[in-house]
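Okay, coords_20.txt now, which holds compact mmCIF, C-alpha atoms and all ligand atoms:
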```txt
# COMPACT_ATOMS: atom_id res chain seq x y z
CA MET A 1 28.53 20.84 -15.61
CA ARG A 2 25.59 22.00 -17.72
CA MET A 3 22.07 20.60 -17.53
CA VAL A 4 21.68 20.83 -21.31
CA ASP A 5 24.60 18.41 -21.79
CA ILE A 6 23.07 15.93 -19.33
CA ILE A 7 19.74 16.06 -21.21
CA ALA A 8 21.47 15.55 -24.57
CA LYS A 9 23.53 12.65 -23.22
CA LYS A 10 20.43 10.82 -22.02
CA ARG A 11 18.50 11.70 -25.18
CA ASP A 12 21.21 9.93 -27.18
CA GLY A 13 21.11 6.84 -24.96
CA GLY A 14 24.16 7.59 -22.80
CA GLU A 15 24.71 6.49 -19.20
CA LEU A 16 24.55 9.27 -16.58
CA SER A 17 27.26 9.28 -13.94
CA LYS A 18 26.48 9.62 -10.23
CA GLU A 19 27.81 13.22 -10.36
CA GLU A 20 25.49 14.11 -13.25
CA ILE A 21 22.48 12.64 -11.44
CA GLU A 22 23.47 14.52 -8.28
CA PHE A 23 23.85 17.76 -10.24
CA PHE A 24 20.34 17.33 -11.67
CA ILE A 25 18.57 16.31 -8.46
CA THR A 26 20.29 18.85 -6.20
CA GLY A 27 19.82 21.66 -8.71
CA TYR A 28 16.18 20.78 -9.35
CA THR A 29 15.34 20.49 -5.64
CA ASN A 30 16.86 23.86 -4.75
CA GLY A 31 15.32 25.64 -7.73
CA ASP A 32 18.48 26.22 -9.81
CA ILE A 33 17.28 23.92 -12.59
CA PRO A 34 13.97 24.99 -14.15
CA ASP A 35 10.95 22.74 -14.72
CA TYR A 36 11.43 22.74 -18.50
CA GLN A 37 14.89 21.18 -18.25
CA ALA A 38 13.81 18.67 -15.61
CA SER A 39 10.81 17.60 -17.68
CA SER A 40 13.01 17.29 -20.76
CA LEU A 41 15.35 14.94 -18.89
CA ALA A 42 12.39 12.96 -17.47
CA MET A 43 11.14 12.48 -21.04
CA ALA A 44 14.60 11.39 -22.21
CA ILE A 45 14.70 8.85 -19.36
CA TYR A 46 11.19 7.71 -20.34
CA PHE A 47 12.40 6.84 -23.83
CA GLN A 48 16.00 5.76 -23.15
CA ASP A 49 15.58 4.03 -19.77
CA MET A 50 18.32 3.83 -17.10
CA ASN A 51 20.66 0.99 -16.28
CA ASP A 52 20.99 -0.57 -12.81
CA ASP A 53 23.74 1.80 -11.63
CA GLU A 54 21.82 4.88 -12.75
CA ARG A 55 18.65 3.66 -11.01
CA ALA A 56 20.49 2.98 -7.75
CA ASN A 57 22.23 6.35 -7.89
CA LEU A 58 19.02 8.22 -8.65
CA THR A 59 17.33 6.52 -5.71
CA MET A 60 20.07 7.32 -3.22
CA VAL A 61 20.49 10.90 -4.39
CA MET A 62 16.74 11.41 -3.85
CA VAL A 63 17.02 9.78 -0.39
CA GLU A 64 19.78 12.27 0.45
CA SER A 65 17.75 15.25 -0.81
CA GLY A 66 15.95 15.55 2.54
CA ASP A 67 15.61 14.16 6.06
CA GLN A 68 16.18 10.48 6.74
CA ILE A 69 14.54 8.70 9.63
CA ASP A 70 17.09 7.21 11.99
CA LEU A 71 15.76 3.95 13.39
CA SER A 72 19.14 2.83 14.73
CA ALA A 73 17.91 3.12 18.33
CA ILE A 74 15.44 0.33 17.56
CA ASP A 75 16.84 -3.16 18.03
CA GLY A 76 16.58 -5.74 15.26
CA ILE A 77 16.07 -5.69 11.52
CA LYS A 78 13.38 -3.18 10.59
CA VAL A 79 11.40 -4.67 7.71
CA ASP A 80 8.96 -2.38 5.94
CA LYS A 81 6.23 -3.35 3.51
CA HIS A 82 5.01 -1.29 0.61
CA SER A 83 1.96 -1.81 -1.54
CA THR A 84 1.49 0.01 -4.82
CA GLY A 85 -2.10 0.54 -3.69
CA GLY A 86 -5.47 -0.98 -4.29
CA VAL A 87 -9.09 -1.17 -3.22
CA GLY A 88 -10.00 -2.65 0.16
CA ASP A 89 -6.34 -3.31 0.91
CA THR A 90 -6.45 -4.07 4.62
CA THR A 91 -3.09 -5.89 4.54
CA THR A 92 -1.04 -3.49 6.69
CA LEU A 93 -3.55 -3.58 9.57
CA VAL A 94 -3.17 -7.35 9.73
CA LEU A 95 0.50 -7.70 8.84
CA ALA A 96 1.86 -5.21 11.36
CA PRO A 97 0.62 -6.95 14.56
CA LEU A 98 1.10 -10.37 12.98
CA VAL A 99 4.83 -10.02 12.37
CA ALA A 100 5.30 -7.98 15.58
CA ALA A 101 3.92 -11.01 17.43
CA LEU A 102 7.02 -12.84 16.14
CA ASP A 103 9.27 -10.13 17.63
CA ILE A 104 10.01 -8.41 14.34
CA PRO A 105 10.09 -4.64 14.96
CA VAL A 106 7.38 -2.77 13.05
CA ALA A 107 8.30 0.92 13.09
CA LYS A 108 5.75 2.25 10.68
CA MET A 109 5.43 5.75 9.36
CA SER A 110 2.06 6.06 7.66
CA GLY A 111 -0.08 8.58 5.91
CA ARG A 112 -3.67 9.48 5.31
CA GLY A 113 -5.38 8.32 2.18
CA LEU A 114 -6.40 10.11 -0.96
CA GLY A 115 -8.85 8.17 -3.10
CA HIS A 116 -11.00 5.08 -2.60
CA THR A 117 -10.64 4.61 1.16
CA GLY A 118 -8.54 6.14 3.84
CA GLY A 119 -4.89 5.36 4.47
CA THR A 120 -3.65 3.21 7.34
CA ILE A 121 -3.91 6.06 9.84
CA ASP A 122 -7.48 6.92 8.85
CA LYS A 123 -8.48 3.29 9.30
CA LEU A 124 -6.82 3.03 12.72
CA GLU A 125 -8.53 6.24 13.83
CA ALA A 126 -11.83 4.38 13.48
CA VAL A 127 -10.81 2.91 16.86
CA ASP A 128 -11.95 5.32 19.56
CA GLY A 129 -9.02 7.26 21.06
CA PHE A 130 -6.29 5.91 18.79
CA HIS A 131 -3.78 8.53 17.70
CA VAL A 132 -0.43 8.74 15.94
CA GLU A 133 0.68 12.06 17.39
CA ILE A 134 3.50 10.61 19.47
CA SER A 135 7.03 11.91 19.94
CA GLU A 136 9.95 10.18 18.24
CA GLU A 137 11.22 9.11 21.68
CA GLU A 138 7.87 7.51 22.50
CA PHE A 139 7.79 5.86 19.06
CA THR A 140 11.24 4.31 19.63
CA ARG A 141 10.31 3.18 23.16
CA LEU A 142 7.09 1.56 21.98
CA VAL A 143 8.81 -0.35 19.18
CA ASN A 144 11.63 -1.52 21.46
CA GLU A 145 9.24 -2.63 24.21
CA HIS A 146 6.21 -3.80 22.22
CA LYS A 147 7.66 -4.30 18.72
CA ILE A 148 5.03 -2.13 17.08
CA ALA A 149 4.10 1.54 16.72
CA VAL A 150 2.73 3.81 14.00
CA ILE A 151 3.64 7.48 13.71
CA GLY A 152 2.32 10.11 11.30
CA GLN A 153 4.51 11.32 8.48
CA SER A 154 6.82 14.07 9.65
CA GLY A 155 9.94 15.81 8.47
CA ASN A 156 10.98 16.68 5.01
CA LEU A 157 11.40 13.25 3.41
CA THR A 158 12.57 13.01 -0.23
CA PRO A 159 11.69 16.57 -1.32
CA ALA A 160 13.33 15.80 -4.69
CA ASP A 161 10.81 13.04 -5.31
CA LYS A 162 7.87 15.25 -4.31
CA LYS A 163 8.89 17.91 -6.78
CA LEU A 164 9.80 15.52 -9.58
CA TYR A 165 6.67 13.38 -9.15
CA ALA A 166 4.46 16.48 -9.37
CA LEU A 167 6.28 17.51 -12.55
CA ARG A 168 6.02 14.02 -14.07
CA ASP A 169 2.30 14.02 -13.34
CA VAL A 170 1.76 16.94 -15.74
CA THR A 171 4.36 16.07 -18.38
CA GLY A 172 3.38 12.53 -19.35
CA THR A 173 6.37 10.95 -17.63
CA VAL A 174 4.83 9.10 -14.69
CA ASN A 175 4.83 5.77 -16.48
CA SER A 176 8.56 5.17 -16.61
CA ILE A 177 9.90 2.12 -14.76
CA PRO A 178 13.21 3.69 -13.58
CA LEU A 179 11.38 6.83 -12.40
CA ILE A 180 8.59 4.96 -10.57
CA ALA A 181 10.99 2.45 -9.02
CA SER A 182 13.41 5.10 -7.74
CA SER A 183 10.51 7.24 -6.48
CA ILE A 184 8.98 4.44 -4.40
CA MET A 185 12.28 3.01 -3.15
CA SER A 186 13.66 6.42 -2.14
CA LYS A 187 10.67 6.98 0.16
CA LYS A 188 11.01 3.57 1.83
CA ILE A 189 14.75 3.98 2.36
CA ALA A 190 14.41 7.53 3.72
CA ALA A 191 11.82 6.18 6.18
CA GLY A 192 14.56 3.99 7.66
CA ALA A 193 13.82 0.48 6.37
CA ASP A 194 16.64 -2.09 6.63
CA ALA A 195 14.72 -4.54 4.44
CA ILE A 196 11.68 -4.10 2.22
CA VAL A 197 8.82 -6.32 1.06
CA LEU A 198 6.91 -5.05 -1.97
CA ASP A 199 3.37 -5.90 -2.99
CA VAL A 200 3.01 -4.81 -6.60
CA LYS A 201 -0.63 -4.94 -7.66
CA THR A 202 -1.84 -5.70 -11.14
CA GLY A 203 -5.28 -5.37 -12.75
CA ALA A 204 -8.09 -2.82 -13.10
CA GLY A 205 -7.71 -1.35 -9.61
CA ALA A 206 -3.93 -1.10 -9.82
CA PHE A 207 -1.39 1.42 -10.99
CA MET A 208 0.15 -1.27 -13.22
CA LYS A 209 -2.63 -2.70 -15.38
CA THR A 210 -0.77 -5.69 -16.85
CA ASP A 211 1.29 -8.50 -15.37
CA GLU A 212 4.24 -7.66 -17.62
CA ASP A 213 4.42 -4.06 -16.40
CA ALA A 214 3.92 -5.08 -12.77
CA GLU A 215 6.73 -7.61 -13.05
CA ARG A 216 9.10 -5.14 -14.70
CA LEU A 217 8.43 -2.65 -11.89
CA ALA A 218 8.82 -5.27 -9.16
CA ARG A 219 12.12 -6.54 -10.57
CA ALA A 220 13.41 -2.99 -10.92
CA MET A 221 12.62 -2.18 -7.28
CA VAL A 222 14.09 -5.43 -5.95
CA LYS A 223 17.29 -4.75 -7.87
CA ILE A 224 17.54 -1.18 -6.57
CA GLY A 225 16.96 -2.32 -2.98
CA ASN A 226 19.55 -5.06 -3.14
CA ASN A 227 22.05 -2.81 -4.95
CA VAL A 228 21.86 -0.17 -2.21
CA GLY A 229 22.18 -2.62 0.67
CA ARG A 230 18.51 -3.15 1.59
CA ARG A 231 17.41 -6.76 1.21
CA THR A 232 14.25 -6.59 -0.86
CA MET A 233 11.63 -9.12 -1.97
CA ALA A 234 8.44 -8.66 -3.98
CA ILE A 235 5.26 -10.30 -5.08
CA ILE A 236 2.81 -9.47 -7.86
CA SER A 237 -0.78 -9.76 -6.63
CA ASP A 238 -4.16 -9.46 -8.25
CA MET A 239 -6.14 -6.22 -8.04
CA SER A 240 -8.66 -6.88 -10.79
CA GLN A 241 -11.28 -7.10 -8.04
CA PRO A 242 -11.12 -5.58 -4.53
CA LEU A 243 -9.14 -7.49 -1.91
CA GLY A 244 -11.17 -9.14 0.88
CA PHE A 245 -14.78 -8.12 1.41
CA ALA A 246 -14.57 -4.78 3.26
CA ILE A 247 -14.06 -1.39 1.61
CA GLY A 248 -14.25 1.48 4.10
CA ASN A 249 -12.38 2.42 7.22
CA ALA A 250 -14.21 0.89 10.24
CA LEU A 251 -15.28 -2.04 8.05
CA GLU A 252 -11.65 -2.75 7.18
CA VAL A 253 -10.63 -2.64 10.85
CA GLN A 254 -13.36 -5.18 11.56
CA GLU A 255 -12.07 -7.36 8.72
CA ALA A 256 -8.50 -7.05 10.04
CA ILE A 257 -9.64 -8.27 13.47
CA GLU A 258 -11.42 -11.24 11.88
CA THR A 259 -8.32 -12.06 9.84
CA LEU A 260 -6.04 -11.89 12.90
CA ARG A 261 -8.45 -14.30 14.56
CA GLY A 262 -8.03 -16.69 11.60
CA GLU A 263 -11.53 -16.00 10.28
CA GLY A 264 -10.76 -13.53 7.52
CA PRO A 265 -11.51 -13.68 3.79
CA GLU A 266 -9.50 -16.31 1.93
CA ASP A 267 -7.71 -13.88 -0.41
CA LEU A 268 -6.73 -11.36 2.27
CA THR A 269 -5.48 -14.18 4.50
CA GLU A 270 -3.40 -15.68 1.69
CA LEU A 271 -1.88 -12.32 0.77
CA VAL A 272 -1.02 -11.59 4.40
CA MET A 273 0.61 -15.00 4.82
CA THR A 274 2.64 -14.58 1.63
CA LEU A 275 3.90 -11.09 2.43
CA GLY A 276 4.27 -11.93 6.12
CA SER A 277 6.46 -14.94 5.31
CA GLN A 278 8.82 -12.72 3.32
CA MET A 279 8.94 -10.21 6.19
CA VAL A 280 9.73 -12.95 8.70
CA VAL A 281 12.54 -14.33 6.54
CA LEU A 282 14.01 -10.86 5.95
CA GLY A 283 13.62 -10.13 9.67
CA GLY A 284 15.83 -13.13 10.39
CA LYS A 285 13.18 -15.05 12.35
CA ALA A 286 12.79 -18.02 10.02
CA GLU A 287 14.99 -20.23 7.88
CA ASP A 288 12.80 -20.13 4.81
CA LEU A 289 9.33 -19.13 3.59
CA ASP A 290 7.72 -22.41 4.72
CA ASP A 291 9.17 -22.10 8.20
CA ALA A 292 7.99 -18.47 8.32
CA ARG A 293 4.47 -19.42 7.29
CA ARG A 294 4.30 -22.07 10.03
CA LYS A 295 5.35 -19.51 12.62
CA LEU A 296 2.77 -16.98 11.42
CA GLN A 297 0.03 -19.61 11.56
CA GLU A 298 1.05 -20.42 15.13
CA VAL A 299 0.56 -16.82 16.37
CA ILE A 300 -2.82 -16.66 14.66
CA ASP A 301 -3.91 -20.00 16.15
CA ASN A 302 -2.73 -19.23 19.69
CA GLY A 303 -4.23 -15.71 19.71
CA ALA A 304 -0.89 -13.89 20.10
CA ALA A 305 -1.39 -11.88 16.88
CA LEU A 306 -4.81 -10.59 17.95
CA GLU A 307 -3.46 -9.76 21.43
CA LYS A 308 -0.63 -7.83 19.80
CA PHE A 309 -3.20 -5.75 17.89
CA ARG A 310 -5.03 -4.97 21.17
CA GLU A 311 -1.75 -4.02 22.87
CA PHE A 312 -0.79 -1.78 19.95
CA LEU A 313 -4.16 0.04 19.94
CA GLU A 314 -4.02 0.59 23.71
CA ASN A 315 -0.40 1.81 23.65
CA GLN A 316 -1.52 4.61 21.33
CA GLY A 317 -4.64 5.60 23.28
CA GLY A 318 -7.13 3.34 21.46
CA ASP A 319 -9.94 1.27 22.90
CA GLY A 320 -8.43 -2.24 22.70
CA SER A 321 -11.75 -3.88 23.55
CA VAL A 322 -12.84 -3.48 19.90
CA VAL A 323 -10.99 -6.73 19.25
CA ASP A 324 -13.63 -8.48 21.41
CA ASP A 325 -16.57 -6.40 20.26
CA VAL A 326 -16.43 -4.88 16.78
CA THR A 327 -19.77 -3.09 17.32
CA LYS A 328 -17.69 -0.54 19.27
CA LEU A 329 -16.38 0.70 15.92
CA PRO A 330 -18.29 3.57 14.26
CA GLN A 331 -21.58 2.25 12.89
CA ALA A 332 -23.42 3.53 9.81
CA ALA A 333 -27.08 4.55 10.16
CA TYR A 334 -28.32 2.52 7.18
CA THR A 335 -27.46 -0.87 5.71
CA ILE A 336 -28.83 -1.45 2.23
CA GLU A 337 -28.47 -4.64 0.19
CA VAL A 338 -27.73 -4.68 -3.55
CA PRO A 339 -29.55 -7.76 -4.89
CA ALA A 340 -28.39 -9.62 -8.00
CA LYS A 341 -30.65 -9.00 -11.01
CA SER A 342 -29.98 -12.46 -12.44
CA SER A 343 -28.61 -15.86 -11.44
CA GLY A 344 -25.20 -17.09 -12.57
CA VAL A 345 -21.54 -16.69 -11.65
CA VAL A 346 -19.91 -13.36 -10.82
CA SER A 347 -17.46 -12.86 -13.68
CA ARG A 348 -16.23 -9.30 -13.15
CA MET A 349 -15.96 -6.77 -10.30
CA VAL A 350 -14.09 -3.71 -11.48
CA ALA A 351 -11.90 -2.87 -8.51
CA ASP A 352 -11.33 0.84 -9.00
CA GLU A 353 -14.97 1.59 -9.86
CA ILE A 354 -16.20 -0.32 -6.80
CA GLY A 355 -13.71 1.74 -4.80
CA ILE A 356 -15.24 4.90 -6.23
CA ALA A 357 -18.70 3.66 -5.17
CA SER A 358 -17.39 3.52 -1.60
CA MET A 359 -15.93 7.00 -1.98
CA LEU A 360 -19.35 8.34 -3.05
CA LEU A 361 -20.56 7.32 0.42
CA GLY A 362 -17.80 9.40 2.02
CA ALA A 363 -15.29 6.62 2.83
CA GLY A 364 -12.44 8.28 0.90
CA ARG A 365 -11.13 11.72 0.08
CA ALA A 366 -11.36 13.36 -3.34
CA THR A 367 -9.11 16.19 -2.14
CA LYS A 368 -6.70 16.47 0.78
CA GLU A 369 -9.08 18.83 2.59
CA ASP A 370 -12.07 16.43 2.59
CA THR A 371 -13.09 14.81 5.85
CA ILE A 372 -13.99 11.16 5.68
CA ASP A 373 -16.83 9.23 7.26
CA LEU A 374 -15.19 6.32 9.09
CA ALA A 375 -18.40 4.28 9.43
CA VAL A 376 -19.47 4.03 5.78
CA GLY A 377 -18.41 1.71 2.99
CA LEU A 378 -19.21 -1.55 1.27
CA MET A 379 -19.12 -5.19 2.28
CA LEU A 380 -18.89 -7.50 -0.71
CA ARG A 381 -21.05 -10.60 -0.34
CA LYS A 382 -19.76 -12.25 -3.53
CA LYS A 383 -16.42 -12.30 -5.34
CA VAL A 384 -15.44 -13.29 -8.88
CA GLY A 385 -16.09 -17.00 -9.41
CA ASP A 386 -18.91 -17.20 -6.82
CA THR A 387 -22.35 -18.41 -7.87
CA VAL A 388 -25.28 -16.13 -7.15
CA GLU A 389 -29.07 -16.51 -7.27
CA GLU A 390 -31.30 -13.72 -8.54
CA GLY A 391 -32.29 -11.55 -5.55
CA GLU A 392 -29.31 -12.65 -3.43
CA SER A 393 -27.17 -9.81 -2.08
CA LEU A 394 -24.03 -8.92 -4.06
CA VAL A 395 -22.95 -6.11 -1.78
CA THR A 396 -24.14 -4.50 1.46
CA ILE A 397 -23.94 -0.72 1.49
CA TYR A 398 -23.18 0.93 4.86
CA ALA A 399 -24.34 4.53 4.55
CA ASN A 400 -25.15 7.58 6.57
CA ARG A 401 -27.69 8.73 3.99
CA GLU A 402 -30.92 7.01 3.04
CA ASP A 403 -30.83 7.55 -0.71
CA VAL A 404 -27.95 5.57 -2.21
CA GLU A 405 -29.25 5.09 -5.76
CA ASP A 406 -26.04 6.58 -7.21
CA VAL A 407 -23.92 4.07 -5.30
CA LYS A 408 -26.18 1.15 -6.26
CA GLN A 409 -26.02 2.14 -9.92
CA LYS A 410 -22.22 2.33 -9.82
CA ILE A 411 -22.11 -1.15 -8.28
CA TYR A 412 -24.49 -2.61 -10.87
CA ASP A 413 -22.49 -0.99 -13.68
CA ASN A 414 -19.32 -2.65 -12.45
CA ILE A 415 -20.35 -6.18 -11.48
CA GLU A 416 -20.99 -8.69 -14.24
CA ILE A 417 -22.83 -11.98 -13.86
CA SER A 418 -22.26 -14.65 -16.54
CA ALA A 419 -22.87 -18.35 -17.07
CA GLN A 420 -19.34 -19.30 -16.05
CA ALA A 421 -16.21 -17.73 -14.57
CA ASP A 422 -13.10 -18.87 -12.71
CA LYS A 423 -11.67 -17.36 -9.55
CA PRO A 424 -8.65 -15.23 -10.53
CA ALA A 425 -5.27 -16.29 -9.12
CA LEU A 426 -4.32 -14.00 -6.24
CA ILE A 427 -0.53 -14.30 -6.21
CA HIS A 428 0.76 -14.00 -9.77
CA THR A 429 4.51 -14.11 -9.14
CA ILE A 430 6.94 -14.21 -6.23
CA ILE A 431 10.22 -12.45 -6.89
N1 LIG B 1 4.02 6.01 -6.80
C1 LIG B 1 5.11 6.69 -6.39
O1 LIG B 1 5.36 6.85 -5.20
N2 LIG B 1 5.94 7.18 -7.35
C2 LIG B 1 5.71 7.03 -8.66
O2 LIG B 1 6.50 7.49 -9.45
C3 LIG B 1 4.57 6.34 -9.06
C4 LIG B 1 3.73 5.83 -8.10
```
As structure tokens:
Amino acid sequence: MRMVDIIAKKRDGGELSKEEIEFFITGYTNGDIPDYQASSLAMAIYFQDMNDDERANLTMVMVESGDQIDLSAIDGIKVDKHSTGGVGDTTTLVLAPLVAALDIPVAKMSGRGLGHTGGTIDKLEAVDGFHVEISEEEFTRLVNEHKIAVIGQSGNLTPADKKLYALRDVTGTVNSIPLIASSIMSKKIAAGADAIVLDVKTGAGAFMKTDEDAERLARAMVKIGNNVGRRTMAIISDMSQPLGFAIGNALEVQEAIETLRGEGPEDLTELVMTLGSQMVVLGGKAEDLDDARRKLQEVIDNGAALEKFREFLENQGGDGSVVDDVTKLPQAAYTIEVPAKSSGVVSRMVADEIGIASMLLGAGRATKEDTIDLAVGLMLRKKVGDTVEEGESLVTIYANREDVEDVKQKIYDNIEISAQADKPALIHTII
């Protein structure tokens, strides 16, 4: 087999066989196939697309390129959730204890964040003592006994994807549906998921800026999952403005606690219930989405979900009493209001730029080496569609520096107040 023939076949719109995909991925991962040939094939795929069989094969060959996490010692159907990423996305912190409270095993491998705010692990580390450095044996025991544990990323998962993604990033080939879908799905499958729920974001703060692109990606991933034996469901959700009110690590933990208590922001609560219902159905604990939603509401109302969060934090060395007293979370030295300059209705809040404002305070990392300040961030006081009076606070800044003019300016530049605006729909499509 020759790489040049594979490139030419795809360039001319042909279908690649499993053996050809294997030849490419194995050769590229071990260094036998050079970057220029791999980028040429990525560009051919960008223009010619891949059919369902090719997408499924590419995904599984990438899964097999490295280690795979074996969760077979954990009882039950392991349902994982993936979000394509957004600003103030506190969903995992709420969803994990919520579905675990219904006896669905949550065996989560998580990472640190790069960008607007931290990743799930950074946020959890805002709780004093919490850590993810646990052995695989301890991880398995915790999930079997308590239905929930989080471990840091370890092992050599999907090295083919790492190498190919880095190459795509510099060759104009990131934005290809078959390449994105196989990249994301390979990582979830290698991490051991039996079933997968996908939250594909759309809007200014999202990777996919339009509904059409988000839906194409979601459908592609659902198809791959189902074709390779992992039941998969997806939703398309709005990320034109940040989700919930909190952006920043300790602030998001506080918001997660409020949401588990049933007192969270409307949009975050709705998103959690929608994704949670899919997880409960896939986990085999409910007949249908309505039944699942009823069960989730029950564990919020009777306090079981919040108790599960406390149990989870304590099992991994954290101070569980933060669920009773959120002032035990890291506190910023200064709180500064950002007052509205005019009266009207908030008509625009540019999600990614507001996320960058939070990063300027130190809540996120610009490079992998940066350390983050867990206490700082933003608390939105208004969302799109809310009325506001001149002088009323739009946002509260939580900072560890006194001068935050740069952050204020960024916020003003990215919030618009008009005469009229509607609240955007949160859930665009359920797939
Ligand atoms: N995220 C991924 O993990 N892979 C892609 O290709 C794009 C976004």
>> as a list in words, please: every protein or nucleic acid residue near ligand LIG 1 (chain B) (cut-off 6 Å, counting all atoms listed in the file).
In response: Tyr165, Val174, Leu179, Ile180, Ser183 and Ile184 of chain A
Restrict the calculation to all atoms listed in the file, then for each residue of segment 297-402 of chain A with any atom at most 7 Å from an atom of segment 119-137 of chain A give the closest atom pair and their distance in Å to one decimal, rows by chain and rising residue number, as CSV.
```
residue,atom,partner,partner_atom,distance
A:Leu313,CA,A:Phe130,CA,6.3
A:Gln316,CA,A:Phe130,CA,5.6
A:Gly317,CA,A:Phe130,CA,4.8
A:Gly318,CA,A:Phe130,CA,3.8
A:Asp319,CA,A:Asp128,CA,5.6
A:Leu329,CA,A:Val127,CA,6.1
A:Pro330,CA,A:Ala126,CA,6.6
A:Leu374,CA,A:Ala126,CA,5.9
```
> At a cut-off of 6 Å from (7.7, -5.4, 2.9) in the coordinates of the file, what residues are picked up using only C-alpha atoms, written as a ChimeraX atom specification?
Replying inline: /A:80-82,196-198,279
> When distances are computed from all atoms listed in the file, which of A:Arg2, A:Ala234, A:Glu337, A:Asn315 shows the smallest separation from Val222 of chain A?
Replying inline: A:Ala234
> Pick the closest to Asn144 of chain A from A:Thr232, A:Ser72, A:Ser83, A:Ser65: which is it, counting only C-alpha atoms?
Replying inline: A:Ser72
>> Could you list, as a VMD selection string, every residue within 7 Å of Leu380 of chain A, counting only C-alpha atoms and ignoring same-chain residues fewer than 5 positions away?
In response: chain A and resid 245 to 246 394 to 396
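Going from atom CA of Leu296 of chain A to atom CA of Pro242 of chain A covers 24.0 Å.
Residues within 12 Å of Lys10 of chain A, counting all atoms listed in the file and excluding same-chain residues fewer than 5 positions away, are A:Met3, A:Val4, A:Asp5, A:Glu15, A:Leu16, A:Ser17, A:Glu20, A:Ile21, A:Ser40, A:Leu41, A:Ala42, A:Met43, A:Ala44, A:Ile45, A:Tyr46, A:Phe47, A:Gln48, A:Asp49, A:Met50, A:Asn51, A:Glu54.
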> Skipping near chain neighbours, those fewer than 4 positions away, what residues fall within 7 Å of segment 397-399 of chain A using only C-alpha atoms, listed as number ranges by chain?
Replying inline: A: 332-337, 361, 376-379
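Take the candidates A:Glu287, A:Asp238, A:Glu402, A:Asp325 and check each one against Pro424 of chain A using all atoms listed in the file; the shortest distance goes to A:Asp238.
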> Could you pull the residues within 9 Å of segment 349-360 of chain A, counting only C-alpha atoms, minus those fewer than 6 positions along the same chain, as a ChimeraX atom specification?
Replying inline: /A:86-88,115-117,203-206,239-243,247-248,366,372,376-378,383-384,397,406-411,413-416
> Any idea what's packed within 12 Å of Asp35 of chain A, counting only C-alpha atoms, ignoring anything in its chain fewer than 5 positions away? Could you give it as a list in words?
Replying inline: Met3, Phe24, Ile25, Gly27, Tyr28, Thr29, Asn30, Ser40, Leu41, Ala42, Lys163, Leu164, Tyr165, Ala166, Leu167, Arg168, Val170 and Thr171 of chain A
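For the residues A:Arg141, A:Lys308, A:Lys295, A:Arg401, ranking by smallest atom-to-atom distance to Ala96 of chain A using all atoms listed in the file places A:Lys308 first.
With atom CA of Leu275 of chain A on one side and atom CA of Leu289 of chain A on the other, the separation reads 9.8 Å.
With only C-alpha atoms as the atoms that count, the minimum distance from Pro339 of chain A to the choices A:Thr327, A:Thr26, A:Gln153, A:Ser393 is reached by A:Ser393.
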> With all atoms listed in the file as the atoms that count, which of A:Gly113, A:Leu268, A:Gly229, A:Val99 lies nearest to Thr371 of chain A?
Replying inline: A:Gly113
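A straight line drawn from atom CA of Val338 of chain A to atom CA of Gly85 of chain A is 26.2 Å long.
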